$ cat input26.txt   # compact mmCIF, C-alpha atoms
# COMPACT_ATOMS: atom_id res chain seq x y z
CA MET A 1 0.00 0.00 0.00
CA ARG A 2 1.48 3.34 -1.07
CA THR A 3 1.17 6.55 0.89
CA PRO A 4 -0.24 9.66 -0.83
CA THR A 5 3.30 11.02 -1.20
CA GLU A 6 4.44 7.78 -2.81
CA LEU A 7 1.43 7.82 -5.13
CA GLY A 8 2.20 11.41 -6.08
CA ALA A 9 5.83 10.62 -6.76
CA ARG A 10 4.83 7.74 -8.99
CA ALA A 11 2.35 9.99 -10.82
CA GLU A 12 5.07 12.59 -11.39
CA ALA A 13 7.41 9.97 -12.84
CA MET A 14 4.71 8.68 -15.20
CA LEU A 15 3.80 12.19 -16.33
CA ALA A 16 7.45 12.97 -17.03
CA GLU A 17 7.68 9.84 -19.14
CA LEU A 18 4.52 10.74 -21.06
CA ALA A 19 5.88 14.23 -21.73
CA ALA A 20 8.66 12.68 -23.82
CA PHE A 21 6.10 11.66 -26.46
CA THR A 22 5.80 14.82 -28.54
CA ASP A 23 5.33 15.82 -32.16
CA ASP A 24 7.79 18.69 -31.69
CA ASP A 25 11.19 18.12 -30.08
CA ALA A 26 11.30 21.75 -28.91
CA ASN A 27 8.21 21.50 -26.69
CA LEU A 28 5.38 19.21 -25.65
CA THR A 29 2.87 19.09 -28.48
CA ARG A 30 0.88 15.88 -28.89
CA LEU A 31 -2.04 16.19 -31.27
CA TYR A 32 -4.88 13.73 -31.74
CA LEU A 33 -3.94 10.72 -33.92
CA SER A 34 -0.36 11.92 -34.42
CA PRO A 35 2.65 9.60 -34.14
CA ALA A 36 3.30 10.99 -30.64
CA HIS A 37 -0.30 10.23 -29.64
CA ARG A 38 0.14 6.69 -30.94
CA ALA A 39 3.34 6.24 -28.91
CA ALA A 40 1.77 7.73 -25.76
CA ALA A 41 -1.27 5.48 -26.15
CA GLY A 42 1.05 2.48 -26.34
CA ARG A 43 2.82 3.48 -23.13
CA VAL A 44 -0.49 4.03 -21.32
CA ALA A 45 -1.62 0.58 -22.46
CA GLU A 46 1.56 -0.91 -20.97
CA TRP A 47 0.90 0.81 -17.63
CA MET A 48 -2.68 -0.43 -17.63
CA HIS A 49 -1.52 -3.97 -18.30
CA GLY A 50 1.06 -3.69 -15.54
CA ALA A 51 -1.69 -2.57 -13.15
CA GLY A 52 -3.55 -5.81 -13.83
CA LEU A 53 -6.14 -4.50 -16.28
CA ASP A 54 -7.43 -6.08 -19.45
CA VAL A 55 -6.37 -3.60 -22.14
CA GLY A 56 -7.71 -2.67 -25.55
CA SER A 57 -8.21 0.29 -27.87
CA ASP A 58 -11.50 1.28 -29.49
CA ALA A 59 -12.29 2.46 -33.02
CA LEU A 60 -11.59 6.12 -32.21
CA GLY A 61 -8.29 5.47 -30.46
CA THR A 62 -9.39 5.56 -26.82
CA VAL A 63 -7.21 3.25 -24.72
CA ARG A 64 -9.29 1.20 -22.28
CA GLY A 65 -8.14 -0.74 -19.23
CA ARG A 66 -10.75 -2.94 -17.59
CA LEU A 67 -10.87 -4.24 -14.01
CA LYS A 68 -13.48 -6.91 -13.42
CA PRO A 69 -15.74 -6.85 -10.35
CA THR A 70 -13.95 -8.32 -7.34
CA ALA A 71 -16.91 -8.78 -4.98
CA PRO A 72 -19.10 -11.83 -5.49
CA GLY A 73 -22.67 -11.42 -6.62
CA ARG A 74 -24.75 -9.38 -8.93
CA ALA A 75 -22.52 -6.85 -10.67
CA GLY A 76 -23.00 -8.24 -14.13
CA ASN A 77 -21.57 -5.87 -16.72
CA ARG A 78 -21.93 -2.67 -14.66
CA ARG A 79 -18.85 -0.47 -14.29
CA VAL A 80 -17.53 2.86 -13.08
CA LEU A 81 -15.58 4.76 -15.74
CA ILE A 82 -12.49 6.82 -14.85
CA GLY A 83 -10.74 8.87 -17.49
CA SER A 84 -9.29 11.94 -19.12
CA HIS A 85 -7.28 12.75 -22.26
CA ILE A 86 -3.71 12.31 -23.47
CA ASP A 87 -3.73 14.79 -26.37
CA THR A 88 -2.36 18.29 -25.72
CA VAL A 89 -2.43 21.83 -27.00
CA VAL A 90 0.61 23.23 -28.82
CA ASN A 91 3.50 23.95 -26.42
CA ALA A 92 1.66 22.31 -23.54
CA GLY A 93 2.26 21.43 -19.91
CA ARG A 94 2.50 17.84 -18.73
CA TYR A 95 -0.45 17.69 -16.29
CA ASP A 96 -3.60 18.83 -18.15
CA GLY A 97 -5.55 15.68 -19.01
CA MET A 98 -2.68 13.28 -18.46
CA LEU A 99 -2.96 13.49 -14.66
CA GLY A 100 -6.51 12.13 -14.86
CA VAL A 101 -5.40 9.08 -16.84
CA VAL A 102 -2.41 8.40 -14.58
CA ALA A 103 -4.56 8.90 -11.46
CA GLY A 104 -7.06 6.35 -12.75
CA ILE A 105 -4.35 3.77 -13.39
CA LEU A 106 -2.75 4.30 -9.97
CA ALA A 107 -6.13 4.19 -8.22
CA VAL A 108 -7.05 0.85 -9.77
CA GLU A 109 -3.57 -0.50 -9.06
CA GLU A 110 -4.01 0.44 -5.38
CA ILE A 111 -7.53 -0.97 -5.24
CA ARG A 112 -6.09 -4.31 -6.32
CA ALA A 113 -3.06 -4.05 -4.01
CA ARG A 114 -5.24 -3.24 -1.00
CA GLY A 115 -7.69 -6.04 -1.70
CA ILE A 116 -10.63 -3.67 -1.93
CA GLU A 117 -13.66 -5.59 -3.16
CA LEU A 118 -15.95 -3.84 -5.61
CA PRO A 119 -19.38 -5.05 -6.75
CA PHE A 120 -18.82 -3.39 -10.13
CA GLY A 121 -16.06 -3.22 -12.69
CA VAL A 122 -13.82 -0.21 -13.25
CA ASP A 123 -12.68 0.98 -16.67
CA VAL A 124 -9.85 3.49 -17.08
CA LEU A 125 -10.12 5.50 -20.31
CA ALA A 126 -7.43 7.53 -22.10
CA PHE A 127 -9.26 9.77 -24.58
CA GLY A 128 -7.97 11.86 -27.48
CA ASP A 129 -9.24 15.07 -29.17
CA GLU A 130 -10.28 16.79 -25.95
CA GLU A 131 -8.21 19.83 -26.90
CA GLY A 132 -9.62 20.07 -30.44
CA VAL A 133 -6.35 21.40 -31.85
CA ARG A 134 -5.53 19.29 -34.91
CA PHE A 135 -9.01 19.01 -36.42
CA PRO A 136 -11.95 21.46 -36.27
CA THR A 137 -13.64 19.05 -33.84
CA THR A 138 -13.54 18.42 -30.13
CA LEU A 139 -14.32 15.47 -27.84
CA VAL A 140 -14.51 13.03 -30.77
CA SER A 141 -12.97 10.25 -28.69
CA SER A 142 -15.16 10.62 -25.60
CA SER A 143 -18.23 11.34 -27.74
CA ALA A 144 -17.81 7.96 -29.41
CA VAL A 145 -17.56 6.28 -26.00
CA ALA A 146 -20.69 8.14 -24.84
CA GLY A 147 -22.61 7.27 -28.01
CA CYS A 148 -23.08 10.88 -29.12
CA LEU A 149 -20.48 11.15 -31.89
CA VAL A 150 -21.53 13.36 -34.81
CA PRO A 151 -20.73 11.20 -37.89
CA SER A 152 -19.77 14.21 -40.01
CA ASP A 153 -16.87 14.90 -37.60
CA LEU A 154 -15.07 11.97 -39.18
CA ASP A 155 -14.88 13.97 -42.44
CA ALA A 156 -13.13 16.93 -40.81
CA ARG A 157 -9.73 17.88 -42.24
CA ASP A 158 -6.65 19.18 -40.47
CA ALA A 159 -4.54 22.13 -41.69
CA ASP A 160 -2.67 19.79 -44.06
CA GLY A 161 -5.90 18.52 -45.61
CA VAL A 162 -5.78 15.11 -43.89
CA LEU A 163 -9.20 13.61 -43.23
CA LEU A 164 -9.85 12.57 -39.66
CA ARG A 165 -11.05 9.18 -40.89
CA ASP A 166 -7.78 8.64 -42.79
CA ALA A 167 -5.75 9.67 -39.74
CA LEU A 168 -7.75 7.14 -37.72
CA LEU A 169 -6.86 4.37 -40.12
CA ALA A 170 -3.16 5.30 -39.95
CA PHE A 171 -3.42 5.33 -36.13
CA GLY A 172 -4.90 1.84 -36.11
CA GLY A 173 -8.52 2.83 -35.54
CA ASP A 174 -11.57 2.14 -37.67
CA PRO A 175 -13.88 5.01 -38.65
CA ASN A 176 -16.39 2.55 -40.03
CA ALA A 177 -16.74 0.93 -36.62
CA ALA A 178 -17.22 4.16 -34.63
CA ALA A 179 -20.58 3.00 -33.26
CA SER A 180 -18.89 0.01 -31.62
CA ALA A 181 -16.99 2.35 -29.26
CA ALA A 182 -20.17 3.30 -27.39
CA TYR A 183 -21.08 1.85 -24.01
CA ALA A 184 -24.64 0.74 -23.48
CA ARG A 185 -26.32 3.17 -21.10
CA GLU A 186 -27.06 0.40 -18.59
CA GLU A 187 -23.34 -0.50 -18.41
CA ALA A 188 -22.10 2.80 -17.02
CA LEU A 189 -22.65 3.58 -13.34
CA ALA A 190 -20.69 6.83 -13.30
CA TYR A 191 -17.84 8.75 -14.92
CA LEU A 192 -15.13 10.17 -12.65
CA GLU A 193 -12.30 12.47 -13.68
CA VAL A 194 -9.34 13.98 -11.83
CA HIS A 195 -8.02 17.17 -13.44
CA ILE A 196 -5.82 20.11 -12.56
CA GLU A 197 -7.92 23.14 -11.70
CA GLN A 198 -6.50 25.35 -14.48
CA GLY A 199 -7.32 28.27 -12.23
CA PRO A 200 -6.02 29.98 -9.07
CA VAL A 201 -8.82 29.38 -6.55
CA LEU A 202 -7.46 26.32 -4.72
CA GLU A 203 -3.98 27.80 -4.49
CA ALA A 204 -5.36 31.09 -3.17
CA GLU A 205 -7.24 29.21 -0.44
CA GLY A 206 -4.39 26.84 0.40
CA LEU A 207 -6.32 23.71 -0.60
CA PRO A 208 -4.92 20.69 -2.47
CA ILE A 209 -8.20 19.45 -3.99
CA GLY A 210 -11.68 20.73 -4.79
CA ILE A 211 -15.00 19.17 -5.77
CA VAL A 212 -16.45 20.29 -9.09
CA THR A 213 -20.13 21.27 -9.09
CA SER A 214 -20.53 21.76 -12.84
CA ILE A 215 -18.62 22.18 -16.08
CA ALA A 216 -19.45 25.62 -17.38
CA GLY A 217 -21.67 26.07 -20.40
CA GLN A 218 -20.11 28.00 -23.26
CA SER A 219 -21.40 30.16 -26.09
CA ARG A 220 -19.11 31.52 -28.79
CA PHE A 221 -19.96 34.18 -31.34
CA SER A 222 -18.42 35.95 -34.27
CA VAL A 223 -19.48 39.61 -33.94
CA THR A 224 -19.40 41.76 -37.08
CA VAL A 225 -19.58 45.55 -36.78
CA THR A 226 -20.10 47.43 -40.04
CA GLY A 227 -19.52 51.15 -40.37
CA GLU A 228 -18.11 53.30 -43.15
CA ALA A 229 -14.54 53.89 -44.28
CA GLY A 230 -13.33 57.47 -44.57
CA HIS A 231 -10.22 59.60 -44.65
CA ALA A 232 -8.55 59.79 -41.24
CA GLY A 233 -7.82 63.49 -41.67
CA THR A 234 -10.95 64.87 -43.29
CA VAL A 235 -14.01 63.25 -41.64
CA PRO A 236 -15.01 65.15 -38.46
CA MET A 237 -15.37 63.04 -35.32
CA PRO A 238 -19.15 63.64 -34.89
CA LEU A 239 -19.81 62.45 -38.46
CA ARG A 240 -17.85 59.22 -38.31
CA ARG A 241 -19.27 55.72 -38.47
CA ASP A 242 -16.15 54.12 -37.01
CA ALA A 243 -16.55 50.34 -36.69
CA LEU A 244 -13.52 50.02 -34.41
CA ALA A 245 -14.54 52.77 -31.98
CA ALA A 246 -17.99 51.18 -31.78
CA SER A 247 -16.38 47.77 -31.17
CA ALA A 248 -14.40 49.21 -28.28
CA GLU A 249 -17.64 50.32 -26.64
CA LEU A 250 -19.19 46.90 -27.28
CA MET A 251 -16.24 45.25 -25.54
CA LEU A 252 -16.64 47.46 -22.50
CA ALA A 253 -20.28 46.35 -22.37
CA ILE A 254 -19.14 42.72 -22.52
CA GLU A 255 -16.83 43.30 -19.57
CA GLU A 256 -19.56 45.02 -17.54
CA VAL A 257 -22.09 42.26 -18.12
CA ALA A 258 -19.58 39.53 -17.26
CA ARG A 259 -18.50 41.31 -14.06
CA ALA A 260 -22.15 41.57 -13.02
CA GLY A 261 -22.45 37.78 -13.32
CA GLN A 262 -19.72 36.88 -10.83
CA ALA A 263 -22.22 35.02 -8.63
CA HIS A 264 -22.40 32.49 -11.47
CA GLN A 265 -18.65 32.51 -12.18
CA MET A 266 -19.39 34.27 -15.45
CA VAL A 267 -16.48 35.16 -17.70
CA ALA A 268 -16.42 36.70 -21.17
CA THR A 269 -13.49 37.04 -23.52
CA VAL A 270 -12.76 38.76 -26.82
CA GLY A 271 -9.84 36.72 -28.06
CA ARG A 272 -9.51 37.70 -31.70
CA LEU A 273 -10.18 40.92 -33.61
CA VAL A 274 -9.69 41.94 -37.25
CA ALA A 275 -10.22 45.53 -38.47
CA LYS A 276 -10.64 46.38 -42.16
CA PRO A 277 -9.34 47.89 -44.33
CA GLY A 278 -6.49 48.02 -41.82
CA ALA A 279 -4.72 51.14 -43.09
CA VAL A 280 -3.20 53.69 -40.74
CA ASN A 281 -4.99 56.63 -42.41
CA VAL A 282 -8.42 55.05 -43.01
CA ILE A 283 -11.35 54.94 -40.58
CA PRO A 284 -12.19 51.24 -40.05
CA ALA A 285 -15.22 50.17 -42.03
CA GLU A 286 -15.60 46.69 -40.56
CA VAL A 287 -14.51 44.87 -37.45
CA VAL A 288 -14.97 41.18 -36.75
CA PHE A 289 -14.24 39.90 -33.25
CA THR A 290 -14.93 36.74 -31.28
CA LEU A 291 -16.90 36.52 -28.06
CA ASP A 292 -16.58 33.57 -25.66
CA ILE A 293 -18.97 33.68 -22.69
CA ARG A 294 -19.22 31.07 -19.94
CA ALA A 295 -21.05 30.55 -16.64
CA ASP A 296 -21.76 27.78 -14.14
CA ALA A 297 -25.41 27.49 -15.22
CA ASP A 298 -27.26 27.96 -18.50
CA ALA A 299 -29.90 30.50 -17.42
CA PRO A 300 -27.51 33.30 -16.39
CA ARG A 301 -25.38 32.77 -19.48
CA LEU A 302 -28.36 32.97 -21.81
CA SER A 303 -29.69 36.01 -19.93
CA ALA A 304 -26.32 37.74 -20.32
CA ILE A 305 -26.32 37.02 -24.04
CA ALA A 306 -29.78 38.56 -24.40
CA GLU A 307 -28.64 41.64 -22.46
CA LEU A 308 -25.56 41.98 -24.65
CA ASP A 309 -27.65 41.73 -27.81
CA ALA A 310 -29.86 44.59 -26.59
CA ARG A 311 -26.90 46.73 -25.53
CA PHE A 312 -25.09 46.04 -28.80
CA GLN A 313 -28.07 47.26 -30.82
CA ALA A 314 -28.39 50.42 -28.72
CA ILE A 315 -24.69 51.23 -29.17
CA ALA A 316 -24.87 50.50 -32.89
CA ASP A 317 -27.90 52.77 -33.36
CA ARG A 318 -26.24 55.62 -31.49
CA ARG A 319 -23.03 55.31 -33.48
CA GLY A 320 -24.59 54.78 -36.91
CA VAL A 321 -23.16 51.29 -37.42
CA SER A 322 -24.69 47.83 -37.66
CA VAL A 323 -23.82 44.82 -35.55
CA ALA A 324 -24.51 41.11 -36.06
CA MET A 325 -23.87 38.27 -33.60
CA ASP A 326 -23.39 34.87 -35.27
CA LYS A 327 -23.15 31.93 -32.89
CA PHE A 328 -20.72 29.25 -34.01
CA TYR A 329 -20.47 27.12 -30.84
CA GLU A 330 -22.82 26.22 -28.01
CA SER A 331 -22.22 23.79 -25.17
CA PRO A 332 -24.73 23.57 -22.32
CA THR A 333 -23.65 23.40 -18.69
CA THR A 334 -22.80 19.91 -17.50
CA PRO A 335 -23.88 19.45 -13.87
CA CYS A 336 -21.87 17.10 -11.67
CA ALA A 337 -24.17 14.58 -10.02
CA PRO A 338 -24.85 15.26 -6.31
CA ARG A 339 -24.11 11.63 -5.41
CA LEU A 340 -20.67 11.86 -7.03
CA GLN A 341 -19.96 15.23 -5.43
CA GLU A 342 -20.81 13.61 -2.09
CA ALA A 343 -18.51 10.66 -2.82
CA PHE A 344 -15.60 13.07 -3.35
CA ALA A 345 -16.69 15.13 -0.33
CA ALA A 346 -16.65 12.01 1.84
CA ALA A 347 -13.18 11.23 0.52
CA ALA A 348 -12.01 14.73 1.45
CA ARG A 349 -13.46 14.32 4.95
CA ASP A 350 -11.67 10.99 5.37
CA LEU A 351 -8.42 12.71 4.41
CA GLY A 352 -9.04 15.54 6.87
CA LEU A 353 -9.49 18.11 4.10
CA PRO A 354 -12.17 20.79 3.60
CA GLN A 355 -14.88 19.99 1.06
CA ARG A 356 -14.34 22.99 -1.23
CA GLN A 357 -16.81 23.14 -4.11
CA LEU A 358 -16.22 25.10 -7.30
CA ALA A 359 -17.31 25.11 -10.93
CA SER A 360 -15.06 24.40 -13.89
CA GLY A 361 -14.76 27.24 -16.37
CA ALA A 362 -12.94 25.00 -18.84
CA GLY A 363 -14.46 22.25 -20.94
CA HIS A 364 -13.69 18.56 -20.32
CA ASP A 365 -14.52 15.10 -21.62
CA GLY A 366 -17.31 15.11 -19.05
CA HIS A 367 -19.31 17.28 -21.47
CA ALA A 368 -19.57 14.27 -23.74
CA MET A 369 -19.74 11.60 -21.02
CA HIS A 370 -22.77 13.32 -19.49
CA HIS A 371 -24.73 11.95 -22.47
CA LEU A 372 -23.99 8.46 -21.14
CA THR A 373 -23.97 8.64 -17.35
CA ASP A 374 -23.57 10.83 -14.26
CA VAL A 375 -20.35 12.84 -14.13
CA GLY A 376 -18.14 13.64 -11.13
CA MET A 377 -14.90 15.65 -11.17
CA LEU A 378 -12.12 16.36 -8.70
CA PHE A 379 -9.84 19.37 -9.15
CA VAL A 380 -6.20 19.43 -8.07
CA ARG A 381 -4.36 22.61 -7.14
CA CYS A 382 -1.99 23.91 -9.80
CA ARG A 383 0.67 26.56 -9.28
CA GLY A 384 -0.43 30.04 -10.32
CA GLY A 385 -3.54 28.62 -11.94
CA ILE A 386 -1.40 28.18 -15.08
CA SER A 387 -2.29 25.60 -17.72
CA HIS A 388 -1.86 25.12 -21.48
CA ASN A 389 1.67 26.30 -20.82
CA PRO A 390 5.03 24.60 -20.17
CA ALA A 391 5.01 26.28 -16.72
CA GLU A 392 2.03 24.12 -15.69
CA PHE A 393 2.85 22.45 -12.36
CA THR A 394 1.15 20.37 -9.68
CA ALA A 395 2.89 19.27 -6.48
CA ILE A 396 3.61 15.62 -5.75
CA ASP A 397 1.69 15.62 -2.45
CA ASP A 398 -1.36 17.21 -4.08
CA MET A 399 -1.41 14.57 -6.82
CA GLY A 400 -1.06 11.83 -4.23
CA LEU A 401 -4.01 13.17 -2.23
CA ALA A 402 -6.06 13.32 -5.44
CA VAL A 403 -5.34 9.66 -6.21
CA GLU A 404 -6.22 8.72 -2.63
CA ALA A 405 -9.46 10.72 -2.87
CA LEU A 406 -10.31 8.91 -6.11
CA ILE A 407 -9.78 5.53 -4.44
CA LYS A 408 -11.97 6.53 -1.51
CA ALA A 409 -14.68 7.88 -3.82
CA VAL A 410 -14.82 4.55 -5.66
CA GLU A 411 -14.99 2.76 -2.30
CA ARG A 412 -17.88 5.04 -1.27
CA LEU A 413 -19.76 4.19 -4.46
CA ALA A 414 -19.30 0.51 -3.67
CA ILE A 415 -20.62 1.00 -0.13
CA ASP A 416 -23.60 2.97 -1.44
CA ALA A 417 -24.33 0.25 -4.00
CA GLU A 418 -24.27 -2.47 -1.36
CA SER A 419 -26.36 -0.52 1.16
CA SER A 420 -28.99 0.40 -1.41
CA GLY A 421 -29.28 -3.16 -2.63
CA ASP A 422 -28.60 -2.26 -6.22
CA LEU A 423 -25.97 -0.67 -8.45
CA ILE A 424 -27.76 2.52 -9.43

$ encode --input "input26.txt" --output "structure tokens"
Amino acid sequence: MRTPTELGARAEAMLAELAAFTDDDANLTRLYLSPAHRAAAGRVAEWMHGAGLDVGSDALGTVRGRLKPTAPGRAGNRRVLIGSHIDTVVNAGRYDGMLGVVAGILAVEEIRARGIELPFGVDVLAFGDEEGVRFPTTLVSSSAVAGCLVPSDLDARDADGVLLRDALLAFGGDPNAAASAAYAREEALAYLEVHIEQGPVLEAEGLPIGIVTSIAGQSRFSVTVTGEAGHAGTVPMPLRRDALAASAELMLAIEEVARAGQAHQMVATVGRLVAKPGAVNVIPAEVVFTLDIRADADAPRLSAIAELDARFQAIADRRGVSVAMDKFYESPTTPCAPRLQEAFAAAARDLGLPQRQLASGAGHDGHAMHHLTDVGMLFVRCRGGISHNPAEFTAIDDMGLAVEALIKAVERLAIDAESSGDLI
């Protein structure tokens, strides 16, 4: 039986080894279905096998390690799923996603070593395409597992024109068998994921772990502001229809509305802006910018969007420009199941830790897995709240506590299943 510090040290060693699998020798970049992804998947499969799991890979490239039920009786084919992703962004850190996979492997290894009997099976899943970097898709791997894959996603092309379905074949997958990757709904008892927080809250409060209440819903828009070009030296300020000046006022409205939604952890970001014609001596005639808005529940996010639409139109009318909001992405809030929050809370209590609850502002594979079963997530403190960055860091002791909390949460689910007389 390993101590939390020993578990954390082992996790750190595994994560360092995974970080060596990269598409770019200068930094950690491991894109979905790339040679580095293939190599990393192979190493994960070896770890799963070494932990005593039956190992395979599905049609979309998800590596699966399966532990059979160890308690006698009525489990049948029911199982708890534990997972995260092993693809990365460009120039990534080593913890985002990968910690969840490593934590799952170590947890199951310890469950076996400690002789913990479970009335259900446990599957550890190593997904790909959570980051959505190589192809204009996201969550393809976990969506296939959850049975909600959009078939047209298989026809997406990367920047080099490679079809996702062709990349799958080269990887060793089978796009024609995508449906076979899905679990039957009655198989899955729950989906659990350990993930770095990717934010500063736990560090600010001096806490190693936190219990996720929901994965924030997201709406993304392309906003087009149309005015009129004119000479920078001859058109008086009161007569201008300046698309960029109007856009600046729209962005201040975005900031105001998001700040007013802090009770719902609302955030809004303008991440890209293009002004045309883009000449130093010409009043901008058109501006296109992106808007990403997120909150911990759908109603406040949708209300904020409606308020922004009204404020945008008022600003546009006053400035003599037009504005159009075109939504290109929508993801509803994914609630974490109360029973799974309580399982992690009980684990925190057993470890003598506060039960800090917080929402996730970032997206995760749980968005897809929620189509299949209840979702529960555990956050782990990360230094400075930094992620998607080589400076990403999580302490050994924090990772060890997270693995221990995962083990205890699975134990709690087993106790609940036995006491309730069923596996629901």

$ closest_residue --input "input26.txt" --among "A:Leu106, A:Ala216, A:Ala362, A:Val89" --to "Arg134 of chain A" --atoms "only C-alpha atoms"
A:Val89

$ residues_around --input "input26.txt" --residues "segment 13-27 of chain A" --least-positions-apart "5" --cutoff "12 Å" --atoms "all atoms listed in the file" --output "PyMOL selection string"
chain A and resi 6-8+32-48+86-103+105-106+134+388-391+393-394+396+399

$ atom_distance --input "input26.txt" --atom1 "atom CA of Thr5 of chain A" --atom2 "atom CA of Arg112 of chain A"
18.7 Å

$ residues_around --input "input26.txt" --residues "Ser303 of chain A" --least-positions-apart "3" --cutoff "12 Å" --atoms "only C-alpha atoms" --output "compact mmCIF listing (two decimals) with C-alpha atoms, keeping the file's coordinate frame"
# COMPACT_ATOMS: atom_id res chain seq x y z
CA SER A 219 -21.40 30.16 -26.09
CA VAL A 257 -22.09 42.26 -18.12
CA ALA A 258 -19.58 39.53 -17.26
CA ALA A 260 -22.15 41.57 -13.02
CA GLY A 261 -22.45 37.78 -13.32
CA HIS A 264 -22.40 32.49 -11.47
CA MET A 266 -19.39 34.27 -15.45
CA ILE A 293 -18.97 33.68 -22.69
CA ARG A 294 -19.22 31.07 -19.94
CA ALA A 295 -21.05 30.55 -16.64
CA ALA A 297 -25.41 27.49 -15.22
CA ASP A 298 -27.26 27.96 -18.50
CA ALA A 299 -29.90 30.50 -17.42
CA PRO A 300 -27.51 33.30 -16.39
CA ALA A 306 -29.78 38.56 -24.40
CA GLU A 307 -28.64 41.64 -22.46
CA LEU A 308 -25.56 41.98 -24.65
CA ASP A 309 -27.65 41.73 -27.81
CA ALA A 310 -29.86 44.59 -26.59

$ atom_distance --input "input26.txt" --atom1 "atom CA of Tyr191 of chain A" --atom2 "atom CA of Leu406 of chain A"
11.6 Å

$ atom_distance --input "input26.txt" --atom1 "atom CA of Ala316 of chain A" --atom2 "atom CA of Ala248 of chain A"
11.5 Å

$ residues_around --input "input26.txt" --residues "segment 158-168 of chain A" --least-positions-apart "2" --cutoff "8 Å" --atoms "only C-alpha atoms" --output "PDB file with C-alpha atoms, in the frame of the given file"
ATOM      1  CA  LEU A  33      -3.940  10.720 -33.920  1.00  0.00           C
ATOM      2  CA  SER A  34      -0.360  11.920 -34.420  1.00  0.00           C
ATOM      3  CA  LEU A  60     -11.590   6.120 -32.210  1.00  0.00           C
ATOM      4  CA  GLY A  61      -8.290   5.470 -30.460  1.00  0.00           C
ATOM      5  CA  ARG A 134      -5.530  19.290 -34.910  1.00  0.00           C
ATOM      6  CA  PHE A 135      -9.010  19.010 -36.420  1.00  0.00           C
ATOM      7  CA  PRO A 136     -11.950  21.460 -36.270  1.00  0.00           C
ATOM      8  CA  ASP A 153     -16.870  14.900 -37.600  1.00  0.00           C
ATOM      9  CA  LEU A 154     -15.070  11.970 -39.180  1.00  0.00           C
ATOM     10  CA  ASP A 155     -14.880  13.970 -42.440  1.00  0.00           C
ATOM     11  CA  ALA A 156     -13.130  16.930 -40.810  1.00  0.00           C
ATOM     12  CA  ALA A 170      -3.160   5.300 -39.950  1.00  0.00           C
ATOM     13  CA  PHE A 171      -3.420   5.330 -36.130  1.00  0.00           C
ATOM     14  CA  GLY A 172      -4.900   1.840 -36.110  1.00  0.00           C
ATOM     15  CA  GLY A 173      -8.520   2.830 -35.540  1.00  0.00           C
ATOM     16  CA  ASP A 174     -11.570   2.140 -37.670  1.00  0.00           C
ATOM     17  CA  PRO A 175     -13.880   5.010 -38.650  1.00  0.00           C
TER      18      PRO A 175
END

$ closest_residue --input "input26.txt" --among "A:Val380, A:Ala190, A:Leu372, A:Ala279" --to "Pro338 of chain A" --atoms "all atoms listed in the file"
A:Ala190

$ residues_around --input "input26.txt" --residues "Leu353 of chain A" --least-positions-apart "5" --cutoff "9 Å" --atoms "all atoms listed in the file" --output "PyMOL selection string"
chain A and resi 207-209+345+347-348

$ closest_residue --input "input26.txt" --among "A:Lys68, A:Arg30, A:Arg259, A:Arg2" --to "Pro119 of chain A" --atoms "all atoms listed in the file"
A:Lys68

$ closest_residue --input "input26.txt" --among "A:Val282, A:Gln265, A:Ala126, A:Ala253" --to "Thr234 of chain A" --atoms "all atoms listed in the file"
A:Val282

$ closest_residue --input "input26.txt" --among "A:Asn77, A:Gln262, A:Thr269, A:Ser180" --to "Phe221 of chain A" --atoms "only C-alpha atoms"
A:Thr269

$ residues_around --input "input26.txt" --residues "Ala184 of chain A" --least-positions-apart "3" --cutoff "9 Å" --atoms "all atoms listed in the file" --output "list in words"
Ala146, Gly147, Glu187, Ala188 and Leu372 of chain A
